[in-house]
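Student: Next comes final04.pdb, PDB, N, CA and C atoms and all ligand atoms:
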MODEL        1
ATOM      1  N   MET A  51    -133.738  69.759  98.165
ATOM      2  CA  MET A  51    -134.663  68.785  97.604
ATOM      3  C   MET A  51    -134.731  67.548  98.488
ATOM      4  N   SER A  52    -135.848  66.938  98.444
ATOM      5  CA  SER A  52    -136.019  65.677  99.168
ATOM      6  C   SER A  52    -137.390  65.134  98.785
ATOM      7  N   ILE A  53    -137.855  64.204  99.584
ATOM      8  CA  ILE A  53    -139.161  63.615  99.304
ATOM      9  C   ILE A  53    -140.110  63.897 100.462
ATOM     10  N   ARG A  54    -141.389  63.692 100.185
ATOM     11  CA  ARG A  54    -142.398  63.795 101.234
ATOM     12  C   ARG A  54    -143.339  62.613 101.093
ATOM     13  N   VAL A  55    -143.633  61.968 102.214
ATOM     14  CA  VAL A  55    -144.570  60.848 102.205
ATOM     15  C   VAL A  55    -145.939  61.362 102.641
ATOM     16  N   ASP A  56    -146.950  61.136 101.826
ATOM     17  CA  ASP A  56    -148.319  61.534 102.150
ATOM     18  C   ASP A  56    -148.889  60.525 103.145
ATOM     19  N   LYS A  57    -149.046  60.957 104.372
ATOM     20  CA  LYS A  57    -149.495  60.053 105.438
ATOM     21  C   LYS A  57    -150.907  59.529 105.198
ATOM     22  N   GLU A  58    -151.699  60.293 104.473
ATOM     23  CA  GLU A  58    -153.072  59.851 104.196
ATOM     24  C   GLU A  58    -153.094  58.706 103.182
ATOM     25  N   THR A  59    -152.113  58.693 102.293
ATOM     26  CA  THR A  59    -152.114  57.723 101.195
ATOM     27  C   THR A  59    -151.276  56.495 101.504
ATOM     28  N   CYS A  60    -150.187  56.665 102.224
ATOM     29  CA  CYS A  60    -149.310  55.537 102.568
ATOM     30  C   CYS A  60    -150.056  54.577 103.500
ATOM     31  N   ASN A  61    -150.019  53.315 103.160
ATOM     32  CA  ASN A  61    -150.623  52.305 104.048
ATOM     33  C   ASN A  61    -149.563  51.370 104.626
ATOM     34  N   GLY A  62    -148.297  51.826 104.566
ATOM     35  CA  GLY A  62    -147.222  50.998 105.097
ATOM     36  C   GLY A  62    -147.026  49.722 104.309
ATOM     37  N   CYS A  63    -147.472  49.747 103.047
ATOM     38  CA  CYS A  63    -147.417  48.541 102.204
ATOM     39  C   CYS A  63    -148.094  47.365 102.905
ATOM     40  N   GLY A  64    -149.201  47.682 103.548
ATOM     41  CA  GLY A  64    -150.002  46.621 104.166
ATOM     42  C   GLY A  64    -149.306  45.935 105.327
ATOM     43  N   GLY A  65    -148.408  46.648 105.979
ATOM     44  CA  GLY A  65    -147.718  46.059 107.128
ATOM     45  C   GLY A  65    -146.551  45.175 106.751
ATOM     46  N   ALA A  66    -146.068  45.300 105.510
ATOM     47  CA  ALA A  66    -144.922  44.494 105.077
ATOM     48  C   ALA A  66    -143.716  44.748 105.978
ATOM     49  N   SER A  67    -142.929  43.707 106.191
ATOM     50  CA  SER A  67    -141.759  43.877 107.065
ATOM     51  C   SER A  67    -140.748  44.824 106.430
ATOM     52  N   GLU A  68    -140.717  44.841 105.099
ATOM     53  CA  GLU A  68    -139.838  45.786 104.419
ATOM     54  C   GLU A  68    -140.627  46.428 103.270
ATOM     55  N   PRO A  69    -141.239  47.576 103.518
ATOM     56  CA  PRO A  69    -142.031  48.232 102.475
ATOM     57  C   PRO A  69    -141.202  48.514 101.220
ATOM     58  N   CYS A  70    -141.903  48.636 100.099
ATOM     59  CA  CYS A  70    -141.240  48.823  98.799
ATOM     60  C   CYS A  70    -140.252  49.988  98.821
ATOM     61  N   CYS A  71    -140.671  51.113  99.366
ATOM     62  CA  CYS A  71    -139.804  52.292  99.333
ATOM     63  C   CYS A  71    -138.565  52.088 100.204
ATOM     64  N   VAL A  72    -138.746  51.428 101.333
ATOM     65  CA  VAL A  72    -137.611  51.169 102.231
ATOM     66  C   VAL A  72    -136.590  50.267 101.533
ATOM     67  N   ARG A  73    -137.108  49.273 100.798
ATOM     68  CA  ARG A  73    -136.228  48.294 100.154
ATOM     69  C   ARG A  73    -135.360  48.928  99.067
ATOM     70  N   VAL A  74    -135.907  49.900  98.339
ATOM     71  CA  VAL A  74    -135.174  50.396  97.172
ATOM     72  C   VAL A  74    -134.267  51.587  97.466
ATOM     73  N   CYS A  75    -134.416  52.233  98.594
ATOM     74  CA  CYS A  75    -133.600  53.436  98.831
ATOM     75  C   CYS A  75    -132.121  53.058  98.937
ATOM     76  N   PRO A  76    -131.288  53.567  98.045
ATOM     77  CA  PRO A  76    -129.871  53.202  98.066
ATOM     78  C   PRO A  76    -129.120  53.748  99.268
ATOM     79  N   GLY A  77    -129.692  54.723  99.924
ATOM     80  CA  GLY A  77    -129.016  55.298 101.090
ATOM     81  C   GLY A  77    -129.569  54.790 102.401
ATOM     82  N   ASP A  78    -130.515  53.844 102.337
ATOM     83  CA  ASP A  78    -131.151  53.314 103.545
ATOM     84  C   ASP A  78    -131.694  54.453 104.411
ATOM     85  N   LEU A  79    -132.352  55.384 103.754
ATOM     86  CA  LEU A  79    -132.829  56.580 104.457
ATOM     87  C   LEU A  79    -134.253  56.460 104.967
ATOM     88  N   LEU A  80    -135.004  55.483 104.445
ATOM     89  CA  LEU A  80    -136.411  55.381 104.803
ATOM     90  C   LEU A  80    -136.623  54.287 105.838
ATOM     91  N   ALA A  81    -137.564  54.548 106.719
ATOM     92  CA  ALA A  81    -137.853  53.568 107.770
ATOM     93  C   ALA A  81    -139.328  53.648 108.117
ATOM     94  N   ALA A  82    -139.867  52.547 108.600
ATOM     95  CA  ALA A  82    -141.260  52.517 109.051
ATOM     96  C   ALA A  82    -141.284  52.765 110.553
ATOM     97  N   GLY A  83    -142.148  53.687 110.955
ATOM     98  CA  GLY A  83    -142.295  53.968 112.378
ATOM     99  C   GLY A  83    -143.184  52.947 113.050
ATOM    100  N   PRO A  84    -143.400  53.078 114.348
ATOM    101  CA  PRO A  84    -144.229  52.129 115.100
ATOM    102  C   PRO A  84    -145.650  52.038 114.562
ATOM    103  N   ASP A  85    -146.130  53.114 113.948
ATOM    104  CA  ASP A  85    -147.489  53.121 113.383
ATOM    105  C   ASP A  85    -147.529  52.541 111.972
ATOM    106  N   GLY A  86    -146.366  52.077 111.470
ATOM    107  CA  GLY A  86    -146.291  51.501 110.136
ATOM    108  C   GLY A  86    -146.071  52.530 109.053
ATOM    109  N   GLN A  87    -146.161  53.798 109.376
ATOM    110  CA  GLN A  87    -145.971  54.859 108.398
ATOM    111  C   GLN A  87    -144.476  55.063 108.159
ATOM    112  N   VAL A  88    -144.181  55.352 106.904
ATOM    113  CA  VAL A  88    -142.779  55.514 106.522
ATOM    114  C   VAL A  88    -142.354  56.972 106.650
ATOM    115  N   TYR A  89    -141.141  57.174 107.066
ATOM    116  CA  TYR A  89    -140.598  58.526 107.163
ATOM    117  C   TYR A  89    -139.145  58.497 106.680
ATOM    118  N   ILE A  90    -138.634  59.663 106.339
ATOM    119  CA  ILE A  90    -137.236  59.764 105.922
ATOM    120  C   ILE A  90    -136.409  60.214 107.128
ATOM    121  N   ARG A  91    -135.323  59.474 107.372
ATOM    122  CA  ARG A  91    -134.542  59.735 108.587
ATOM    123  C   ARG A  91    -133.946  61.138 108.557
ATOM    124  N   ASP A  92    -133.281  61.479 107.449
ATOM    125  CA  ASP A  92    -132.685  62.806 107.347
ATOM    126  C   ASP A  92    -132.782  63.279 105.900
ATOM    127  N   PRO A  93    -133.692  64.196 105.604
ATOM    128  CA  PRO A  93    -133.894  64.659 104.231
ATOM    129  C   PRO A  93    -132.619  65.203 103.593
ATOM    130  N   ARG A  94    -131.689  65.678 104.405
ATOM    131  CA  ARG A  94    -130.459  66.255 103.830
ATOM    132  C   ARG A  94    -129.600  65.199 103.160
ATOM    133  N   ASP A  95    -129.800  63.922 103.519
ATOM    134  CA  ASP A  95    -129.005  62.855 102.915
ATOM    135  C   ASP A  95    -129.614  62.313 101.630
ATOM    136  N   CYS A  96    -130.825  62.726 101.300
ATOM    137  CA  CYS A  96    -131.501  62.242 100.087
ATOM    138  C   CYS A  96    -130.833  62.840  98.860
ATOM    139  N   TRP A  97    -130.491  61.988  97.884
ATOM    140  CA  TRP A  97    -129.872  62.532  96.676
ATOM    141  C   TRP A  97    -130.846  62.483  95.497
ATOM    142  N   ASP A  98    -132.131  62.410  95.798
ATOM    143  CA  ASP A  98    -133.173  62.633  94.779
ATOM    144  C   ASP A  98    -133.090  61.654  93.612
ATOM    145  N   CYS A  99    -132.838  60.399  93.921
ATOM    146  CA  CYS A  99    -132.745  59.412  92.845
ATOM    147  C   CYS A  99    -134.122  59.005  92.342
ATOM    148  N   ALA A 100    -135.160  59.254  93.130
ATOM    149  CA  ALA A 100    -136.552  58.961  92.774
ATOM    150  C   ALA A 100    -136.890  57.471  92.807
ATOM    151  N   ALA A 101    -135.985  56.640  93.314
ATOM    152  CA  ALA A 101    -136.271  55.203  93.378
ATOM    153  C   ALA A 101    -137.509  54.932  94.235
ATOM    154  N   CYS A 102    -137.619  55.596  95.364
ATOM    155  CA  CYS A 102    -138.771  55.372  96.240
ATOM    156  C   CYS A 102    -140.052  55.912  95.612
ATOM    157  N   VAL A 103    -139.929  57.015  94.898
ATOM    158  CA  VAL A 103    -141.093  57.620  94.236
ATOM    159  C   VAL A 103    -141.683  56.634  93.238
ATOM    160  N   LYS A 104    -140.814  55.973  92.480
ATOM    161  CA  LYS A 104    -141.266  55.015  91.464
ATOM    162  C   LYS A 104    -141.732  53.701  92.090
ATOM    163  N   ALA A 105    -141.169  53.347  93.232
ATOM    164  CA  ALA A 105    -141.477  52.034  93.828
ATOM    165  C   ALA A 105    -142.799  52.013  94.579
ATOM    166  N   CYS A 106    -143.273  53.152  95.002
ATOM    167  CA  CYS A 106    -144.486  53.168  95.828
ATOM    168  C   CYS A 106    -145.711  52.791  94.995
ATOM    169  N   PRO A 107    -146.398  51.732  95.367
ATOM    170  CA  PRO A 107    -147.564  51.306  94.583
ATOM    171  C   PRO A 107    -148.779  52.211  94.770
ATOM    172  N   ARG A 108    -148.741  53.098  95.742
ATOM    173  CA  ARG A 108    -149.893  53.972  96.009
ATOM    174  C   ARG A 108    -149.620  55.430  95.636
ATOM    175  N   GLN A 109    -148.504  55.680  95.036
ATOM    176  CA  GLN A 109    -148.112  57.058  94.674
ATOM    177  C   GLN A 109    -148.192  57.990  95.894
ATOM    178  N   ALA A 110    -147.673  57.484  97.004
ATOM    179  CA  ALA A 110    -147.740  58.252  98.243
ATOM    180  C   ALA A 110    -146.509  59.121  98.460
ATOM    181  N   ILE A 111    -145.516  58.988  97.576
ATOM    182  CA  ILE A 111    -144.277  59.749  97.769
ATOM    183  C   ILE A 111    -144.113  60.748  96.638
ATOM    184  N   GLU A 112    -143.810  61.972  96.981
ATOM    185  CA  GLU A 112    -143.482  62.958  95.957
ATOM    186  C   GLU A 112    -142.096  63.512  96.230
ATOM    187  N   MET A 113    -141.443  63.909  95.147
ATOM    188  CA  MET A 113    -140.078  64.420  95.239
ATOM    189  C   MET A 113    -140.080  65.890  94.835
ATOM    190  N   TYR A 114    -139.548  66.700  95.705
ATOM    191  CA  TYR A 114    -139.500  68.128  95.418
ATOM    192  C   TYR A 114    -138.396  68.445  94.414
ATOM    193  N   LEU A 115    -138.678  69.400  93.563
ATOM    194  CA  LEU A 115    -137.709  69.823  92.559
ATOM    195  C   LEU A 115    -137.038  71.115  93.012
ATOM    196  N   PRO A 116    -135.818  71.355  92.503
ATOM    197  CA  PRO A 116    -135.188  72.638  92.812
ATOM    198  C   PRO A 116    -136.049  73.783  92.269
ATOM    199  N   ALA A 117    -136.023  74.898  92.953
ATOM    200  CA  ALA A 117    -136.823  76.054  92.524
ATOM    201  C   ALA A 117    -136.458  76.484  91.112
ATOM    202  N   GLN A 118    -135.183  76.290  90.729
ATOM    203  CA  GLN A 118    -134.746  76.713  89.391
ATOM    204  C   GLN A 118    -135.404  75.891  88.290
ATOM    205  N   ILE A 119    -135.876  74.691  88.638
ATOM    206  CA  ILE A 119    -136.478  73.820  87.620
ATOM    207  C   ILE A 119    -137.992  73.992  87.577
ATOM    208  N   GLY A 120    -138.632  73.883  88.717
ATOM    209  CA  GLY A 120    -140.097  73.883  88.691
ATOM    210  C   GLY A 120    -140.741  75.019  89.446
ATOM    211  N   GLY A 121    -139.935  75.884  90.047
ATOM    212  CA  GLY A 121    -140.491  76.887  90.931
ATOM    213  C   GLY A 121    -140.557  76.327  92.344
ATOM    214  N   ARG A 122    -140.567  77.214  93.319
ATOM    215  CA  ARG A 122    -140.512  76.756  94.706
ATOM    216  C   ARG A 122    -141.740  75.928  95.069
ATOM    217  N   GLY A 123    -141.514  74.691  95.516
ATOM    218  CA  GLY A 123    -142.623  73.816  95.915
ATOM    219  C   GLY A 123    -143.082  72.855  94.837
ATOM    220  N   ALA A 124    -142.493  72.942  93.646
ATOM    221  CA  ALA A 124    -142.875  72.005  92.578
ATOM    222  C   ALA A 124    -142.459  70.587  92.969
ATOM    223  N   ALA A 125    -143.294  69.620  92.626
ATOM    224  CA  ALA A 125    -143.015  68.246  93.052
ATOM    225  C   ALA A 125    -143.441  67.248  91.977
ATOM    226  N   LEU A 126    -142.778  66.101  91.996
ATOM    227  CA  LEU A 126    -143.029  65.036  91.025
ATOM    228  C   LEU A 126    -143.558  63.793  91.722
ATOM    229  N   LYS A 127    -144.542  63.150  91.075
ATOM    230  CA  LYS A 127    -144.992  61.827  91.488
ATOM    231  C   LYS A 127    -144.869  60.906  90.293
ATOM    232  N   ALA A 128    -144.829  59.614  90.554
ATOM    233  CA  ALA A 128    -144.692  58.658  89.451
ATOM    234  C   ALA A 128    -145.664  57.506  89.628
ATOM    235  N   LYS A 129    -146.171  57.045  88.500
ATOM    236  CA  LYS A 129    -146.977  55.823  88.487
ATOM    237  C   LYS A 129    -146.335  54.898  87.470
ATOM    238  N   VAL A 130    -145.851  53.759  87.951
ATOM    239  CA  VAL A 130    -145.089  52.852  87.099
ATOM    240  C   VAL A 130    -145.951  51.660  86.706
ATOM    241  N   SER A 131    -145.960  51.369  85.419
ATOM    242  CA  SER A 131    -146.593  50.142  84.949
ATOM    243  C   SER A 131    -145.552  49.371  84.146
ATOM    244  N   ARG A 132    -145.970  48.237  83.598
ATOM    245  CA  ARG A 132    -145.006  47.366  82.925
ATOM    246  C   ARG A 132    -144.318  48.052  81.755
ATOM    247  N   ASP A 133    -145.039  48.901  81.045
ATOM    248  CA  ASP A 133    -144.477  49.461  79.816
ATOM    249  C   ASP A 133    -144.280  50.962  79.840
ATOM    250  N   LYS A 134    -144.607  51.622  80.940
ATOM    251  CA  LYS A 134    -144.391  53.073  80.965
ATOM    252  C   LYS A 134    -144.359  53.611  82.388
ATOM    253  N   ILE A 135    -143.797  54.799  82.490
ATOM    254  CA  ILE A 135    -143.856  55.549  83.741
ATOM    255  C   ILE A 135    -144.620  56.835  83.464
ATOM    256  N   ILE A 136    -145.613  57.099  84.279
ATOM    257  CA  ILE A 136    -146.364  58.343  84.146
ATOM    258  C   ILE A 136    -145.909  59.279  85.268
ATOM    259  N   TRP A 137    -145.251  60.360  84.869
ATOM    260  CA  TRP A 137    -144.784  61.356  85.831
ATOM    261  C   TRP A 137    -145.811  62.475  85.902
ATOM    262  N   THR A 138    -146.162  62.867  87.097
ATOM    263  CA  THR A 138    -147.045  64.020  87.275
ATOM    264  C   THR A 138    -146.263  65.122  87.975
ATOM    265  N   LEU A 139    -146.160  66.248  87.294
ATOM    266  CA  LEU A 139    -145.458  67.417  87.841
ATOM    267  C   LEU A 139    -146.491  68.375  88.399
ATOM    268  N   LYS A 140    -146.387  68.600  89.711
ATOM    269  CA  LYS A 140    -147.301  69.541  90.352
ATOM    270  C   LYS A 140    -146.597  70.887  90.482
ATOM    271  N   HIS A 141    -147.139  71.892  89.823
ATOM    272  CA  HIS A 141    -146.542  73.229  89.881
ATOM    273  C   HIS A 141    -146.911  73.911  91.193
ATOM    274  N   PRO A 142    -146.156  74.929  91.586
ATOM    275  CA  PRO A 142    -146.427  75.597  92.868
ATOM    276  C   PRO A 142    -147.861  76.097  93.002
ATOM    277  N   GLY A 143    -148.482  76.514  91.914
ATOM    278  CA  GLY A 143    -149.851  77.020  92.000
ATOM    279  C   GLY A 143    -150.904  75.927  92.004
ATOM    280  N   GLY A 144    -150.479  74.668  91.895
ATOM    281  CA  GLY A 144    -151.425  73.557  91.917
ATOM    282  C   GLY A 144    -151.685  72.944  90.552
ATOM    283  N   ARG A 145    -151.293  73.652  89.475
ATOM    284  CA  ARG A 145    -151.498  73.083  88.138
ATOM    285  C   ARG A 145    -150.644  71.835  87.986
ATOM    286  N   GLU A 146    -151.180  70.844  87.262
ATOM    287  CA  GLU A 146    -150.450  69.594  87.072
ATOM    288  C   GLU A 146    -150.183  69.335  85.596
ATOM    289  N   GLU A 147    -149.002  68.797  85.318
ATOM    290  CA  GLU A 147    -148.659  68.349  83.972
ATOM    291  C   GLU A 147    -148.290  66.883  84.046
ATOM    292  N   VAL A 148    -148.677  66.132  83.029
ATOM    293  CA  VAL A 148    -148.432  64.690  83.020
ATOM    294  C   VAL A 148    -147.516  64.347  81.849
ATOM    295  N   PHE A 149    -146.506  63.521  82.130
ATOM    296  CA  PHE A 149    -145.551  63.081  81.111
ATOM    297  C   PHE A 149    -145.504  61.558  81.127
ATOM    298  N   GLU A 150    -145.737  60.957  80.004
ATOM    299  CA  GLU A 150    -145.658  59.499  79.921
ATOM    300  C   GLU A 150    -144.359  59.109  79.228
ATOM    301  N   ILE A 151    -143.593  58.254  79.870
ATOM    302  CA  ILE A 151    -142.318  57.796  79.325
ATOM    303  C   ILE A 151    -142.397  56.294  79.098
ATOM    304  N   GLU A 152    -142.179  55.856  77.881
ATOM    305  CA  GLU A 152    -142.189  54.420  77.614
ATOM    306  C   GLU A 152    -141.053  53.757  78.374
ATOM    307  N   ALA A 153    -141.326  52.570  78.933
ATOM    308  CA  ALA A 153    -140.369  51.928  79.823
ATOM    309  C   ALA A 153    -139.034  51.652  79.144
ATOM    310  N   GLU A 154    -139.072  51.243  77.862
ATOM    311  CA  GLU A 154    -137.804  50.884  77.219
ATOM    312  C   GLU A 154    -136.891  52.104  77.050
ATOM    313  N   ARG A 155    -137.471  53.304  77.185
ATOM    314  CA  ARG A 155    -136.652  54.500  77.052
ATOM    315  C   ARG A 155    -135.977  54.864  78.374
ATOM    316  N   VAL A 156    -136.418  54.304  79.484
ATOM    317  CA  VAL A 156    -135.852  54.692  80.758
ATOM    318  C   VAL A 156    -135.114  53.563  81.454
ATOM    319  N   ILE A 157    -135.265  52.345  80.967
ATOM    320  CA  ILE A 157    -134.594  51.209  81.614
ATOM    321  C   ILE A 157    -133.219  51.003  81.003
TER     322      ILE A 157
HETATM  323  S1  LIG B   1    -135.196  59.800  96.479
HETATM  324 FE1  LIG B   1    -133.676  58.119  96.487
HETATM  325  S2  LIG B   1    -132.209  58.671  98.110
HETATM  326 FE2  LIG B   1    -134.032  59.954  98.419
HETATM  327  S3  LIG B   1    -135.277  58.805  99.922
HETATM  328 FE3  LIG B   1    -135.995  58.212  97.853
HETATM  329  S4  LIG B   1    -134.840  56.369  97.311
HETATM  330 FE4  LIG B   1    -133.792  57.340  99.053
HETATM  331  S1  LIG B   2    -144.023  52.184  99.258
HETATM  332 FE1  LIG B   2    -145.630  53.762  99.465
HETATM  333  S2  LIG B   2    -147.353  52.741 100.499
HETATM  334 FE2  LIG B   2    -145.514  51.451 100.779
HETATM  335  S3  LIG B   2    -144.677  52.138 102.770
HETATM  336 FE3  LIG B   2    -143.615  53.317 101.146
HETATM  337  S4  LIG B   2    -144.810  55.211 100.969
HETATM  338 FE4  LIG B   2    -146.101  53.750 102.065
ENDMDL
END
Written as C-alpha cells, that's how I'd like the structure from this file.
Tutor:
Amino acid sequence: MSIRVDKETCNGCGGASEPCCVRVCPGDLLAAGPDGQVYIRDPRDCWDCAACVKACPRQAIEMYLPAQIGGRGAALKAKVSRDKIIWTLKHPGGREEVFEIEAERVI
C-alpha cells in the first residue's frame, strides 16, 4: 500500500514553500520536485496514515488499499470540510462509493 499523486490535479499548492501534504507527512516522505510537483520518496516507507490524503485541498492524492479490503487497485480519496470528511472509495472496476463521516466522530 502507498499513495499516488495525480500529476494532472496537483498544482504544488500554488508554489508554496511547504505544500500541505509535505507538511503533514509524519515520515517526511513527500517532497516537491523542481517542477513543483510532489512525489513520494520511497513508497515502501509509507504507513498509510492518510494524513496527506486528507490534507490535499485538491484531492490529488489517493491511497491504495490492501487487496484483501478493496480488491487489487482499490483506492481512497478524501475531501475534508469543517464538519465532515467525505471518503470516496474507487473499486478496481471503476465503481465509486462515497462515505461521509461527521468530523466530531473522527477527531
Ligand atoms: S499516507 Fe501518511 S505516511 Fe504515507 S505519504 Fe501520506 S502522510 Fe506520509
Ligand atoms: S497538497 Fe495536494 S495540491 Fe498541494 S502539493 Fe500536495 S498533492 Fe499537490
Student: Given the file above and the PyMOL selection byres (((chain A and resi 102) around 7) and not hetatm), which residues are selected, and can you give them as a list in words?
Tutor: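 Answer for the PyMOL selection byres (((chain A and resi 102) around 7) and not hetatm): Cys70, Cys71, Val72, Val74, Cys75, Cys99, Ala100, Ala101, Val103, Lys104, Ala105, Cys106 and Ile111 of chain A.
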Student: Hey, which residues sit close to ligand LIG 2 (chain B)? Say within 9 Å, counting only C-alpha atoms and all ligand atoms, and write them as a ChimeraX atom specification.
Tutor: /A:54-57,59-66,68-73,80-82,86-89,102-111
Student: Evaluate the PyMOL selection byres (((chain A and resi 148 and name CA) around 7) and not hetatm and name CA) on the structure here and hand back the selected residues as a PyMOL selection string.
Tutor: chain A and resi 136-139+146-147+149-150
Student: Could you work out an axis-aligned bounding box for all listed atoms of range 118-122 of chain A, with 5 Å added on each of the six sides, and give its centre and edge lengths in Å to one decimal, as lines of an AutoDock Vina configuration file?
Tutor:
center_x = -138.2
center_y = 75.5
center_z = 91.3
size_x = 17.0
size_y = 13.4
size_z = 17.5
Student: What does the structure give for the distance between CA of Glu152 in chain A and CA of Gly120 in chain A, in Å to one decimal?
Tutor: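 A separation of 22.5 Å between them.
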Student: Between A:Pro116, A:Pro142, A:Gly123, A:Pro76, which one has atoms that come closest to ligand LIG 1 (chain B), using only N, CA and C atoms and all ligand atoms?
Tutor: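 Answer, going by the shortest atom-to-atom distance: A:Pro76.
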Student: Measuring between all atoms listed in the file, which one of A:Glu58, A:Asp85, A:Asp92, A:Asp98 shows the shortest distance to ligand LIG 1 (chain B)?
Tutor: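 Distance minimum relative to ligand LIG 1 (chain B) lands on A:Asp98.
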Student: Got a sec to resolve the PyMOL selection byres (((chain A and resi 126 and name CA) around 7) and not hetatm and name CA) on this structure and send the residues as a list in words?
Tutor: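 Selected by the PyMOL selection byres (((chain A and resi 126 and name CA) around 7) and not hetatm and name CA) in this file: Glu112, Met113, Tyr114, Ala125, Lys127, Ala128, Trp137, Thr138, Leu139 and Lys140 of chain A.
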Student: Calculate how many Å separate CA of Ala153 in chain A from CA of Asp133 in chain A, rounding to one decimal.
Tutor: 4.8 Å
Student: With DSSP run on the backbone, what are the alpha helix (DSSP H) residues within chain A? I'd like them as a ChimeraX atom specification.
Tutor: /A:62-65,70-74,101-105,117-120,153-156
Student: Ranking A:Arg145, A:Ser52, A:Arg132, A:Arg91 by minimum distance to Asp78 in chain A and counting only N, CA and C atoms, which one comes first?
Tutor: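 Checking each of A:Arg145, A:Ser52, A:Arg132, A:Arg91 against Asp78 in chain A, counting only N, CA and C atoms, the winner is A:Arg91.
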Student: Once DSSP has gone over the backbone, tell me which residues of chain A are in strand (DSSP E), as a PyMOL selection string.
Tutor: chain A and resi 53-55+80-82+88-90+111-114+125-130+134-140+146-152
Student: Could you tell me which of A:Gln118, A:Cys96, A:Ser131, A:Glu154 comes closest to Gly77 in chain A if we count all atoms listed in the file?
Tutor: A:Cys96
Student: How far is it from CA of Pro84 in chain A to CA of Leu115 in chain A, in Å with one decimal?
Tutor: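 Separating CA of Pro84 in chain A from CA of Leu115 in chain A is a distance of 29.4 Å.
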Student: Could you check which of A:Ile135, A:Ser67, A:Pro93, A:Gly83 is closest to ligand LIG 1 (chain B), using only N, CA and C atoms and all ligand atoms?
Tutor: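 Between A:Ile135, A:Ser67, A:Pro93, A:Gly83, the residue approaching ligand LIG 1 (chain B) most closely is A:Pro93.
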Student: So, counting only C-alpha atoms, which residue among A:Ile90, A:Ala117, A:Ile151, A:Met51 is closest to Lys129 in chain A?
Tutor: A:Ile151
